[in-house]
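As stored in run_8.cif (mmCIF, C-alpha atoms):
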data_structure
loop_
_atom_site.label_atom_id
_atom_site.label_comp_id
_atom_site.auth_asym_id
_atom_site.auth_seq_id
_atom_site.Cartn_x
_atom_site.Cartn_y
_atom_site.Cartn_z
CA MET G 12 21.71 -0.98 11.38
CA LEU G 13 18.27 -1.31 9.80
CA LEU G 14 17.92 -4.58 7.88
CA ASP G 15 16.32 -4.65 4.44
CA PRO G 16 13.07 -6.61 4.91
CA PHE G 17 12.99 -7.48 1.21
CA GLY G 18 16.45 -9.06 1.29
CA PRO G 19 15.36 -12.64 2.10
CA LEU G 20 12.69 -12.48 -0.61
CA SER G 21 15.08 -11.38 -3.35
CA ARG G 22 17.99 -13.77 -2.77
CA ASP G 23 16.87 -16.21 -5.43
CA ARG G 24 15.16 -13.79 -7.82
CA ASP G 25 15.25 -10.14 -8.71
CA VAL G 26 11.63 -9.08 -8.20
CA VAL G 27 9.36 -9.06 -5.14
CA VAL G 28 5.62 -9.44 -5.84
CA LEU G 29 3.07 -7.49 -3.81
CA ASP G 30 -0.57 -8.46 -3.45
CA GLY G 31 -3.42 -6.74 -5.29
CA GLY G 32 -6.32 -4.50 -4.35
CA LEU G 33 -7.76 -5.52 -0.99
CA ALA G 34 -10.95 -3.45 -0.84
CA THR G 35 -12.09 -4.13 -4.40
CA GLU G 36 -11.38 -7.85 -3.94
CA LEU G 37 -13.37 -7.84 -0.70
CA GLU G 38 -16.26 -6.29 -2.64
CA ARG G 39 -15.99 -9.03 -5.26
CA ARG G 40 -16.27 -11.51 -2.39
CA GLY G 41 -19.48 -9.94 -1.09
CA ALA G 42 -18.37 -7.26 1.38
CA ASP G 43 -20.37 -4.03 1.52
CA LEU G 44 -17.89 -1.13 1.59
CA ARG G 45 -20.42 1.71 1.28
CA ASP G 46 -19.05 3.28 4.42
CA GLY G 47 -16.57 5.98 5.41
CA LEU G 48 -14.36 3.25 6.85
CA TRP G 49 -14.19 1.42 3.48
CA SER G 50 -12.18 -1.81 3.94
CA ALA G 51 -11.72 -1.03 7.65
CA ARG G 52 -15.46 -1.68 8.01
CA VAL G 53 -14.74 -5.33 7.23
CA LEU G 54 -12.33 -5.44 10.17
CA ILE G 55 -15.35 -4.89 12.37
CA GLU G 56 -17.94 -6.99 10.58
CA GLN G 57 -16.18 -9.78 8.63
CA PRO G 58 -12.55 -10.19 9.72
CA GLU G 59 -12.48 -13.78 8.48
CA LEU G 60 -13.13 -12.51 4.93
CA ILE G 61 -10.02 -10.35 5.12
CA GLU G 62 -7.93 -13.33 6.19
CA ARG G 63 -9.29 -15.46 3.33
CA THR G 64 -8.51 -12.69 0.85
CA HIS G 65 -4.93 -12.42 2.07
CA ALA G 66 -4.65 -16.21 1.71
CA ALA G 67 -5.87 -15.99 -1.89
CA TYR G 68 -3.13 -13.52 -2.73
CA PHE G 69 -0.45 -15.74 -1.21
CA GLU G 70 -1.77 -18.62 -3.28
CA ALA G 71 -1.54 -16.38 -6.37
CA GLY G 72 2.16 -15.73 -5.76
CA ALA G 73 2.29 -12.61 -3.61
CA ASP G 74 5.35 -12.18 -1.40
CA VAL G 75 3.79 -9.35 0.62
CA ALA G 76 0.36 -8.86 2.20
CA ILE G 77 -0.77 -5.26 2.70
CA THR G 78 -3.10 -4.97 5.67
CA ALA G 79 -6.67 -3.66 5.86
CA SER G 80 -5.58 -0.55 7.78
CA TYR G 81 -5.45 1.84 4.79
CA GLN G 82 -8.57 3.71 5.88
CA ALA G 83 -8.29 2.89 9.58
CA SER G 84 -7.93 6.00 11.72
CA PHE G 85 -8.82 7.12 15.21
CA GLU G 86 -11.04 9.81 13.71
CA GLY G 87 -12.87 7.34 11.49
CA PHE G 88 -13.44 4.86 14.29
CA ALA G 89 -14.57 7.66 16.62
CA ALA G 90 -17.29 8.53 14.12
CA ARG G 91 -18.56 4.98 14.67
CA GLY G 92 -18.61 5.49 18.45
CA MET G 93 -15.32 3.74 19.20
CA ASP G 94 -12.75 5.08 21.62
CA GLU G 95 -9.00 5.18 21.02
CA GLU G 96 -8.34 1.81 22.65
CA GLU G 97 -10.90 0.12 20.42
CA GLY G 98 -9.52 1.87 17.34
CA ALA G 99 -5.96 0.84 18.13
CA ALA G 100 -7.09 -2.75 18.70
CA LEU G 101 -8.69 -2.85 15.24
CA MET G 102 -5.51 -1.49 13.64
CA ARG G 103 -3.52 -4.24 15.35
CA GLU G 104 -6.16 -6.76 14.26
CA SER G 105 -5.50 -5.86 10.63
CA VAL G 106 -1.87 -6.95 11.09
CA LEU G 107 -2.84 -10.11 12.95
CA LEU G 108 -5.21 -11.18 10.16
CA ALA G 109 -2.52 -10.81 7.50
CA GLY G 110 -0.02 -12.58 9.74
CA SER G 111 -2.39 -15.47 10.37
CA ALA G 112 -2.95 -15.94 6.62
CA ARG G 113 0.80 -15.77 6.05
CA ASP G 114 1.58 -18.32 8.76
CA ALA G 115 -1.02 -20.76 7.44
CA TRP G 116 0.40 -20.44 3.94
CA VAL G 117 3.97 -20.95 5.16
CA ALA G 118 2.94 -24.07 7.09
CA ALA G 119 1.52 -25.60 3.91
CA ALA G 120 4.21 -24.38 1.48
CA SER G 121 7.52 -25.86 0.46
CA PRO G 122 10.13 -25.30 3.19
CA ASP G 123 12.54 -23.61 0.79
CA ILE G 124 10.10 -20.79 -0.10
CA PRO G 125 10.99 -17.48 1.65
CA ARG G 126 8.61 -16.32 4.36
CA PRO G 127 6.30 -13.57 2.99
CA LEU G 128 6.08 -10.15 4.61
CA VAL G 129 3.21 -8.31 6.26
CA ALA G 130 3.14 -4.59 5.44
CA ALA G 131 0.90 -2.40 7.60
CA SER G 132 -0.97 -0.03 5.31
CA VAL G 133 -0.87 3.68 6.14
CA GLY G 134 -3.21 5.52 3.81
CA PRO G 135 -3.30 9.29 3.19
CA TYR G 136 -5.27 11.81 5.21
CA GLY G 137 -7.81 12.00 2.40
CA ALA G 138 -8.72 8.34 2.87
CA MET G 139 -10.05 9.17 6.34
CA ARG G 140 -12.25 11.89 4.81
CA ALA G 141 -13.67 9.37 2.33
CA ASP G 142 -14.33 12.11 -0.21
CA GLY G 143 -11.82 11.25 -2.91
CA SER G 144 -9.31 13.86 -1.76
CA GLU G 145 -6.57 11.23 -1.59
CA TYR G 146 -6.55 11.63 -5.37
CA THR G 147 -6.16 15.43 -5.24
CA GLY G 148 -4.35 16.35 -2.03
CA ASP G 149 -6.82 19.22 -1.46
CA TYR G 150 -7.02 18.92 2.31
CA ASP G 151 -6.96 22.48 3.69
CA ARG G 152 -4.75 21.28 6.54
CA THR G 153 -1.37 22.46 7.74
CA THR G 154 1.71 20.28 7.57
CA PRO G 155 1.86 19.96 11.40
CA GLU G 156 -1.79 18.86 11.42
CA LEU G 157 -1.04 16.16 8.85
CA ARG G 158 2.04 15.07 10.78
CA THR G 159 -0.01 14.71 13.98
CA PHE G 160 -2.70 12.73 12.16
CA HIS G 161 -0.19 10.22 10.84
CA ALA G 162 1.91 10.11 14.00
CA ARG G 163 -1.01 8.78 16.03
CA ARG G 164 -1.50 5.81 13.71
CA LEU G 165 2.20 5.16 13.38
CA GLU G 166 2.48 4.80 17.15
CA VAL G 167 0.24 1.76 16.82
CA LEU G 168 1.30 0.21 13.51
CA ALA G 169 5.05 0.82 13.90
CA ASP G 170 5.10 -0.73 17.37
CA PRO G 171 7.11 -3.99 17.13
CA ASP G 172 4.48 -5.70 19.26
CA ALA G 173 1.89 -5.08 16.52
CA GLY G 174 3.76 -7.61 14.38
CA ALA G 175 4.17 -5.86 11.02
CA ASP G 176 7.41 -6.42 9.12
CA LEU G 177 7.26 -2.94 7.60
CA LEU G 178 4.92 -0.05 6.85
CA ALA G 179 3.24 0.50 3.48
CA VAL G 180 2.71 4.26 3.29
CA GLU G 181 0.65 4.51 0.14
CA THR G 182 -1.40 6.64 -2.25
CA ILE G 183 0.18 9.90 -1.08
CA PRO G 184 -1.05 12.68 -3.40
CA SER G 185 0.86 15.79 -2.36
CA ILE G 186 4.30 17.08 -1.46
CA GLN G 187 2.89 18.61 1.72
CA GLU G 188 1.74 15.23 2.97
CA ALA G 189 5.02 13.66 1.87
CA ALA G 190 6.93 16.14 4.03
CA ALA G 191 4.64 15.50 7.00
CA LEU G 192 5.12 11.75 6.63
CA ALA G 193 8.88 12.05 6.27
CA ASP G 194 8.97 13.73 9.68
CA ALA G 195 6.59 11.21 11.24
CA LEU G 196 8.42 8.16 9.86
CA ALA G 197 11.77 9.47 11.09
CA GLN G 198 10.45 9.10 14.64
CA HIS G 199 10.39 5.30 14.16
CA PRO G 200 13.92 4.59 12.89
CA ARG G 201 13.77 0.86 13.64
CA MET G 202 10.67 0.27 11.50
CA PRO G 203 11.30 0.00 7.75
CA ALA G 204 8.76 1.60 5.45
CA TRP G 205 7.98 2.18 1.84
CA VAL G 206 6.33 5.33 0.52
CA SER G 207 4.36 5.32 -2.71
CA PHE G 208 2.55 8.17 -4.40
CA SER G 209 -0.59 8.60 -6.47
CA CYS G 210 0.12 10.47 -9.70
CA ARG G 211 -1.94 12.24 -12.33
CA ASP G 212 0.42 11.59 -15.23
CA GLY G 213 3.87 10.21 -15.99
CA ALA G 214 5.78 12.93 -14.17
CA HIS G 215 3.67 14.59 -11.45
CA LEU G 216 1.87 13.80 -8.21
CA CYS G 217 -1.86 14.39 -8.09
CA ASP G 218 -1.21 17.88 -6.68
CA GLY G 219 1.08 18.74 -9.61
CA THR G 220 4.40 18.39 -7.78
CA PRO G 221 7.19 16.87 -9.91
CA PHE G 222 7.43 13.20 -8.98
CA ALA G 223 11.22 13.43 -8.71
CA GLU G 224 10.87 16.06 -5.95
CA ALA G 225 8.55 13.81 -3.97
CA ILE G 226 10.92 10.86 -4.32
CA HIS G 227 13.77 12.96 -2.92
CA THR G 228 11.63 14.24 -0.02
CA VAL G 229 11.04 10.76 1.39
CA SER G 230 14.23 9.04 0.21
CA VAL G 231 16.33 11.03 2.66
CA VAL G 232 14.59 9.27 5.58
CA PRO G 233 16.92 6.38 6.53
CA ASN G 234 14.19 3.86 7.38
CA VAL G 235 12.37 4.41 4.07
CA VAL G 236 13.65 1.37 2.18
CA ALA G 237 11.58 1.69 -1.00
CA VAL G 238 9.76 4.43 -2.90
CA GLY G 239 7.46 4.46 -5.88
CA VAL G 240 3.92 4.75 -7.19
CA ASN G 241 0.57 3.08 -6.60
CA CYS G 242 -3.12 3.47 -7.48
CA THR G 243 -2.17 5.27 -10.68
CA ALA G 244 -3.17 4.38 -14.24
CA PRO G 245 -0.94 1.64 -15.68
CA ALA G 246 -0.14 3.78 -18.72
CA HIS G 247 1.93 6.14 -16.54
CA ILE G 248 3.89 3.57 -14.55
CA GLU G 249 6.89 2.97 -16.82
CA SER G 250 7.69 6.70 -16.96
CA LEU G 251 7.26 7.13 -13.21
CA VAL G 252 9.42 4.13 -12.39
CA SER G 253 12.17 5.45 -14.65
CA LEU G 254 12.04 8.81 -12.87
CA ALA G 255 12.15 7.20 -9.44
CA ALA G 256 15.07 4.96 -10.37
CA ALA G 257 17.00 7.99 -11.62
CA HIS G 258 16.48 9.96 -8.38
CA THR G 259 17.00 7.44 -5.59
CA ASP G 260 19.23 4.53 -4.62
CA LYS G 261 16.34 2.94 -2.71
CA ARG G 262 14.28 0.07 -4.10
CA VAL G 263 11.57 1.22 -6.51
CA LEU G 264 8.07 -0.22 -6.33
CA ALA G 265 5.05 0.01 -8.62
CA TYR G 266 1.52 -1.25 -8.05
CA PRO G 267 -0.98 0.55 -10.26
CA ASN G 268 -4.74 0.28 -10.29
CA ARG G 269 -6.48 -1.51 -13.15
CA GLY G 270 -6.91 1.71 -15.13
CA ALA G 271 -10.40 2.74 -14.01
CA ALA G 272 -11.32 6.16 -12.56
CA TYR G 273 -12.61 6.67 -9.00
CA ASP G 274 -15.93 8.48 -8.50
CA PRO G 275 -15.76 10.04 -5.00
CA VAL G 276 -19.50 10.76 -4.93
CA ALA G 277 -20.68 7.26 -5.79
CA LYS G 278 -17.58 5.76 -4.15
CA THR G 279 -17.16 3.41 -7.10
CA TRP G 280 -14.56 2.76 -9.80
CA GLU G 281 -15.76 3.74 -13.27
CA GLY G 282 -14.54 1.94 -16.38
CA ALA G 283 -13.40 -1.62 -16.80
CA GLY G 284 -9.66 -1.13 -16.83
CA ARG G 285 -8.67 -3.97 -19.13
CA GLU G 286 -4.89 -3.61 -19.23
CA ASP G 287 -2.95 -6.86 -19.17
CA LEU G 288 -0.72 -6.21 -16.19
CA GLY G 289 1.46 -9.29 -16.62
CA PRO G 290 3.36 -8.10 -19.71
CA MET G 291 3.25 -4.52 -18.42
CA ALA G 292 5.00 -5.58 -15.22
CA GLU G 293 7.95 -6.72 -17.29
CA THR G 294 8.33 -3.18 -18.64
CA TRP G 295 8.24 -1.76 -15.10
CA VAL G 296 11.04 -4.09 -14.09
CA ARG G 297 13.11 -3.10 -17.11
CA ALA G 298 12.54 0.55 -16.14
CA GLY G 299 13.96 -0.06 -12.66
CA ALA G 300 11.25 -1.50 -10.42
CA SER G 301 12.20 -4.40 -8.15
CA ILE G 302 8.85 -4.59 -6.29
CA VAL G 303 5.62 -4.89 -8.31
CA GLY G 304 1.97 -5.66 -7.71
CA GLY G 305 -1.49 -4.22 -8.13
CA CYS G 306 -3.86 -1.80 -6.43
CA CYS G 307 -7.58 -1.04 -6.79
CA GLY G 308 -9.38 -3.22 -9.32
CA THR G 309 -6.73 -5.92 -9.37
CA GLY G 310 -7.24 -9.31 -7.80
CA PRO G 311 -5.52 -12.67 -7.42
CA GLU G 312 -5.81 -13.32 -11.17
CA GLU G 313 -3.76 -10.21 -11.97
CA ILE G 314 -1.19 -10.97 -9.27
CA ARG G 315 -0.79 -14.51 -10.61
CA ALA G 316 -0.13 -13.04 -14.06
CA ILE G 317 2.38 -10.53 -12.70
CA ALA G 318 4.18 -13.19 -10.66
CA ALA G 319 4.45 -15.45 -13.70
CA ALA G 320 5.69 -12.63 -15.92
CA VAL G 321 8.46 -11.39 -13.63
CA ALA G 322 9.62 -14.91 -12.80
CA ARG G 323 10.74 -15.52 -16.39
#
Show me the file's structure as structure tokens.
Amino acid sequence: MLLDPFGPLSRDRDVVVLDGGLATELERRGADLRDGLWSARVLIEQPELIERTHAAYFEAGADVAITASYQASFEGFAARGMDEEEGAALMRESVLLAGSARDAWVAAASPDIPRPLVAASVGPYGAMRADGSEYTGDYDRTTPELRTFHARRLEVLADPDAGADLLAVETIPSIQEAAALADALAQHPRMPAWVSFSCRDGAHLCDGTPFAEAIHTVSVVPNVVAVGVNCTAPAHIESLVSLAAAHTDKRVLAYPNRGAAYDPVAKTWEGAGREDLGPMAETWVRAGASIVGGCCGTGPEEIRAIAAAVAR
């Protein structure tokens, strides 16, 4: 029987806190992400910065670190002249860095604090293309092609020897990709996963599919232990969480961006995004979320506010 990885974290409280945006926080700390590999570039050039950023999120109250593998793919690494063995090693390195930060934090923390989790990020196909299509789902690829793309990465990240506690399948924009991932995840029944979608409003994925349909598509996979929404404007989250909670018996998670808009040409986030996510997180929990955090544009400050708000 597959164990719920969130169980030990939620014994003493109702809500699990995720970390915040990794790539945008790395940029704030001086990393140059003007590259098709985005945060995966830092795996090659500044791995110690990734580990320090994970550590900052643990200090802020995060129970889960999401690895720097969101935009890591064999195709992306090949474009940089790396073979499959080198690409797989970098994917595993992303898990090791998060695990090292976690272990250092545990060693220094109170012994009664639950051990945080490491979630291996699995980004959408569009992230590999680095053209903003992860926010549209306009890929011009067949479902089998998408399944093959994801299956290759899952072979690495879902391997128990890689060290991840679960998979964070995130920012999925279309029902086609959801179906491809449902098939691919089912091939790794011993590895728990969450699946979260990017949405254009309070009821639809970026491709226009009803959110409830997408939730059903992935909820039927036994090893999918949580479903929800990420990298979506905070204004839509309460509605989306309510829909998810009404259409699944799995845990519901929500980790929106800061409210800015992504420019795929400039590869920058436009607009300040000034929402106060602490009080907003309380509304997500009331709507049915039991796992909350932040995505692009959020940092340790926002995660500290969310952790304080949901601990009340």
Would you list the contacts of region 135-144 of chain G as number ranges by chain, taking every protein, DNA or RNA residue within 7 Å and counting only C-alpha atoms, but skipping same-chain residues closer than 4 positions in sequence?
G: 47, 82, 84, 87, 148-150, 181-183, 275
Given the PyMOL selection byres ((chain G and resi 26) around 8) and the file above, list the residues it selects as a list in words.
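With the shown file as input, the PyMOL selection byres ((chain G and resi 26) around 8) matches Ser21, Arg24, Asp25, Val27, Val28, Val296, Ala300, Ser301, Ile302, Val303, Val321 and Ala322 of chain G.
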I would like the residues chosen by the PyMOL selection byres ((chain G and resi 52) around 12) on the shown file; could you give them as a PyMOL selection string?
chain G and resi 34+37-38+42-51+53-58+60-61+79-84+87-88+91+98+101-102+105
Tell me which residues the PyMOL selection byres ((chain G and resi 62-75) around 6) grabs here, as JSON, numbers by chain.
{"G": [28, 29, 30, 59, 60, 61, 76, 108, 112, 127, 128, 129, 311, 315, 318]}
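Using all atoms listed in the file, the residues found no farther than 7 Å from region 155-168 of chain G, other than those of its own chain fewer than 6 positions away, are Ser84, Ala99, Arg103, Ala131, Glu188, Ala191, Leu192 and Ala195 of chain G.
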Out of G:Gly213, G:Gly110, G:Pro233, G:Gly174, which residue has the shortest atom-to-atom distance to Lys261 (chain G) when counting all atoms listed in the file?
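Once distances to Lys261 (chain G) are computed over all atoms listed in the file, the minimum belongs to G:Pro233.
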Please, what distance in Å, to one decimal, runs between CA of His227 (chain G) and CA of His258 (chain G)?
6.8 Å
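The closest residue to Thr147 (chain G), picked from G:Gly31, G:Gly219, G:Pro200, G:Pro171 and counting all atoms listed in the file, is G:Gly219.
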From CA of Thr243 (chain G) to CA of Cys210 (chain G) the spacing works out at 5.8 Å
In Å and to one decimal, CA of Tyr266 (chain G) is distant from CA of Ser185 (chain G) by 18.0 Å
Compare G:Gly32, G:Ala237, G:Leu14, G:Leu178 by their minimum atom-to-atom distance to Glu312 (chain G), counting all atoms listed in the file, and give me the closest one.
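That would be G:Gly32, the residue with the smallest distance to Glu312 (chain G).
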So which one's closest to Asp212 (chain G), G:Ala179, G:Leu13, G:Cys242, G:Ala173? Using all atoms listed in the file, please.
G:Cys242
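Across G:Glu145, G:Glu293, G:Asp176, G:Asp15, the tightest approach to Leu216 (chain G) is made by G:Glu145 when counting all atoms listed in the file.
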With only C-alpha atoms as the basis for distance, which of G:Gln198, G:Ser250, G:Asn234, G:Thr228 is at the shortest distance from Ala214 (chain G)?
G:Ser250
Skipping near chain neighbours, those fewer than 5 positions away, what residues fall within 8 Å of Val240 (chain G) using all atoms listed in the file, listed as an NGL selection string?
:G and (182 or 207-210 or 248 or 251-252 or 264-267)
